[in-house]
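Asks: The structure under discussion is supplied below as structure tokens; questions concerning it will follow.
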Amino acid sequence: MIAEDIVEFLESLGAKYVFGVPGSTTVSIINSISESKKLKFISGIHENASLSMADGYSRASGEIGIVVLHTTPGLATALPNLYNSFVDSVPLLVIVGDVDSRSLIREPGLSLSELENLAKPVSRWCYYAKSTSDIVTAFERSVSVLYSTQPGPCCIVVPEDLFEQNNTRALRKPASPPFRTTITPDSNTLLDVTTLIDKAKWPVVIVGREVRDPRSIQSLVEFCERLSVPVLLESPYPSAYGIGFPQDNICYLGLFRRESEVMKDADLVIGVGGQLFTERKFYETEALDPKVKVVHIHTNPRELGKNIKTDLPIMGTSDSAIVLFNEASKSLDSSWDERRRERKAKIEEIHARRSEERNKLASKPGDGTGVKPWKLIGAMYKVLSEKQNFVIVDEGVIASSYLSELFVFSKPGSLIGRSAGCLGWGVGAAIGAKLALPGQKVIAFVGDGALLFCPQGLWSAAHYGIPITVIVANNSGYTSVSLSYDSFGKRSKRKVSYAGTVLSEPVLDIVKLAESLGVRATSVQDETELVPALRKAVDSGKVELVDVHTDPKERGYEVSVGQGSAWT
């Protein structure tokens, strides 16, 4: 039966988990998975939760995430998190069971003509299999896409009757493990860029989502310290996507914001492995002055020059490019030592000012209207800095801006974020991350609105005993939407209603919601309770949720320090 052949193929990829919600069209493939000694099926009670589990597993492990969905409603329900995966090029294998192919002409219940078109806009490659031969070719082709330099979700739709047919050709098992394609940029070009950086008065490196390998990050640290080059992290506002550069390093000067002090005097911008630029609102002006020279390194040629005039587009794998940059910098002479000293002095000045700004906010007392978000982040840092290994999966939305600025992430991989912004991702992604990294403490940091989009993952964590800690920054509303109302009011000069942004009438009891899904939960309404509650939850070795009632008046880090907001 081809369902059994597919399972053997997945085993050959080194897969350990398959996520999904059982449905009548997928019973044969799920039954075959349950008989495997190498694969474990993790069942959810919501397809969007299952999709985020596969997504989080892939982001944390660097391997393919696999999810099984049930025909039209299953695929449609999972589209928000499939979009998150697509935007961030997460390699997912999405297997969709459809109704019996012999009944399609009758338009039976749950069917949709050209079902695969639901997934095409948010898949790197998508196909509806019409024969067992199609199935074989589709799985083999998906692997080549998933391990390419431009991965992303691959969706294969298989009618349930084809799952049960015998295969006419065996699936070709890939190399074990499959090799991921890389593109090494030209070393002479990178030597020229290194020289260009050293000659620049104020070059700024923006480190993007593709930079993940600890060895290349160390090379980047050496390069930036050697040449005294300031570094920003790519940021799909309001948070960081990941940690491609340690935040405790002197060269690190924050997240990319076009309004940032770091960007004001830039005469050269070097984008490494990120998008230039992903922004959440429309600006009348360009992100960079036309006089600023731009170098952009990315594996996807479509990203090169897409939004920003790029003087030197370089297609290549960022990790490879960084190593070559570092090697090239070792051979530079001392002609530009004075420039390096000037840059170092300016870096130290901005670094000291940022530290003073953070410390001032962190010490600012509360006013009795809920836990201040900076106090929550301070408590999280105190508790987690006691641990050797931890990962925070971030979907805090507005609270994320405090996390990215006040929680100092020094270790690559200790933060997992997503840039697309579809809510309902964080809890499921944390479950997948914990399965990928069993030796790490995994914390889902989510806003109350984000949690309510897809809380069902809590049940899966409880059912399978997957010990994650969920910290909810609960400000009883959609603050990011309130900021958009603010922006509308400024643009239109009209009074705004903030309709639909308040979630307190009636009060949502997140503790009871969590408990109904089998998770132990506690509520924190005073900052003195934070550290004991967080420490108890993180150390319990069980699934725990801490519902922290934060001040609804606080609208993001930049607002709190008086710098405005990139939302408005």
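Residue names in the structure tokens use chain letters A, B, ... in the order shown, residue numbers from 1 in each chain, and ligand numbers from 1 in the order shown.
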Leaving out region 294-298 of chain A and any residue of its chain fewer than 4 positions from it, which residues lie within 8 Å of it when counting only C-alpha atoms, given as a ChimeraX atom specification?

Replies: /A:268-274,303-304,309-318,321

Asks: Take the residues from that selection and put them in a file with N, CA and C atoms, as a tab-separated table (two decimals), in the first residue's frame.

Replies:
```tsv
chain	number	residue	atom	x	y	z
A	268	LEU	N	26.99	53.26	3.98
A	268	LEU	CA	27.02	51.94	3.34
A	268	LEU	C	26.18	50.99	4.18
A	269	VAL	N	25.24	50.29	3.56
A	269	VAL	CA	24.42	49.29	4.24
A	269	VAL	C	24.70	47.93	3.62
A	270	ILE	N	25.00	46.96	4.47
A	270	ILE	CA	25.27	45.60	4.01
A	270	ILE	C	24.21	44.69	4.59
A	271	GLY	N	23.27	44.24	3.78
A	271	GLY	CA	22.24	43.31	4.22
A	271	GLY	C	22.71	41.89	4.01
A	272	VAL	N	22.74	41.11	5.07
A	272	VAL	CA	23.24	39.73	5.00
A	272	VAL	C	22.12	38.77	5.36
A	273	GLY	N	21.56	38.10	4.37
A	273	GLY	CA	20.60	37.03	4.63
A	273	GLY	C	19.25	37.47	5.12
A	274	GLY	N	18.87	38.72	4.84
A	274	GLY	CA	17.55	39.19	5.24
A	274	GLY	C	16.88	39.95	4.12
A	303	GLU	N	14.77	38.63	-3.95
A	303	GLU	CA	14.92	39.60	-2.85
A	303	GLU	C	15.93	40.69	-3.18
A	304	LEU	N	16.82	40.43	-4.13
A	304	LEU	CA	17.90	41.37	-4.43
A	304	LEU	C	17.35	42.54	-5.25
A	309	LYS	N	16.97	50.10	-3.88
A	309	LYS	CA	17.98	50.17	-4.93
A	309	LYS	C	19.27	49.57	-4.39
A	310	THR	N	19.76	48.53	-5.06
A	310	THR	CA	20.93	47.80	-4.57
A	310	THR	C	22.10	47.99	-5.53
A	311	ASP	N	23.20	48.51	-4.98
A	311	ASP	CA	24.37	48.78	-5.82
A	311	ASP	C	25.13	47.50	-6.16
A	312	LEU	N	25.16	46.57	-5.20
A	312	LEU	CA	25.86	45.32	-5.44
A	312	LEU	C	25.03	44.16	-4.90
A	313	PRO	N	24.21	43.54	-5.76
A	313	PRO	CA	23.46	42.34	-5.34
A	313	PRO	C	24.34	41.10	-5.46
A	314	ILE	N	24.36	40.30	-4.42
A	314	ILE	CA	25.18	39.08	-4.42
A	314	ILE	C	24.29	37.90	-4.06
A	315	MET	N	24.14	36.97	-4.98
A	315	MET	CA	23.36	35.78	-4.66
A	315	MET	C	24.30	34.75	-4.03
A	316	GLY	N	23.94	34.32	-2.83
A	316	GLY	CA	24.79	33.35	-2.16
A	316	GLY	C	24.25	33.00	-0.80
A	317	THR	N	24.74	31.90	-0.26
A	317	THR	CA	24.36	31.46	1.08
A	317	THR	C	25.06	32.35	2.10
A	318	SER	N	24.30	32.96	2.97
A	318	SER	CA	24.83	33.97	3.89
A	318	SER	C	25.92	33.41	4.79
A	321	ALA	N	29.09	33.27	2.92
A	321	ALA	CA	29.60	34.62	2.66
A	321	ALA	C	30.27	35.20	3.89
```

Asks: Write out as a ChimeraX atom specification the residues lying within 9 Å of region 471-483 of chain A, counting only C-alpha atoms and excluding same-chain residues fewer than 2 positions away.

Replies: /A:370,373,376,396-399,443-449,451,469,485-488,498-504,507-508,510,534,544-556,565,567-568

Asks: Report, in Å to a single decimal, how far apart CA of Tyr127 (chain A) and CA of Glu107 (chain A) are.

Replies: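 Pair CA of Glu107 (chain A) / CA of Tyr127 (chain A) returns 19.7 Å.
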
Asks: Between A:Thr72, A:Gln525, A:Ile347, A:Val221, single out the one closest to Gly368 (chain A), counting only C-alpha atoms.

Replies: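 Using only C-alpha atoms, Gly368 (chain A) sits closest to A:Gln525.
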
Asks: Enumerate as a list in words all residues of region 252-441 of chain A assigned to strand (DSSP E or B) by DSSP on the backbone, naming them with the chain letters and numbers the document uses.

Replies: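 Secondary structure check on region 252-441 of chain A, strand (DSSP E or B): Tyr252, Leu253, Gly254, Leu255, Leu268, Val269, Ile270, Gly271, Val272, Lys293, Val294, Val295, His296, Ile297, His298, Leu312, Pro313, Ile314, Met315, Val371, Phe390, Val391, Ile392, Val393, Asp394, Glu395, Leu415, Ile416 and Lys441 of chain A.
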
Asks: Hey, what's within 9 Å of Arg59 (chain A) if we count only C-alpha atoms and toss same-chain stuff fewer than 5 positions away? As a ChimeraX atom specification, please?

Replies: /A:54,64-65,90-91,416,429,432-433,436

Asks: Neighbouring residues of region 226-229 of chain A were defined as those with any atom within 7 Å, considering only C-alpha atoms; residues of the same chain fewer than 6 positions away were excluded. Please report them as a ChimeraX atom specification.

Replies: /A:198,203-204,251,340,343-344
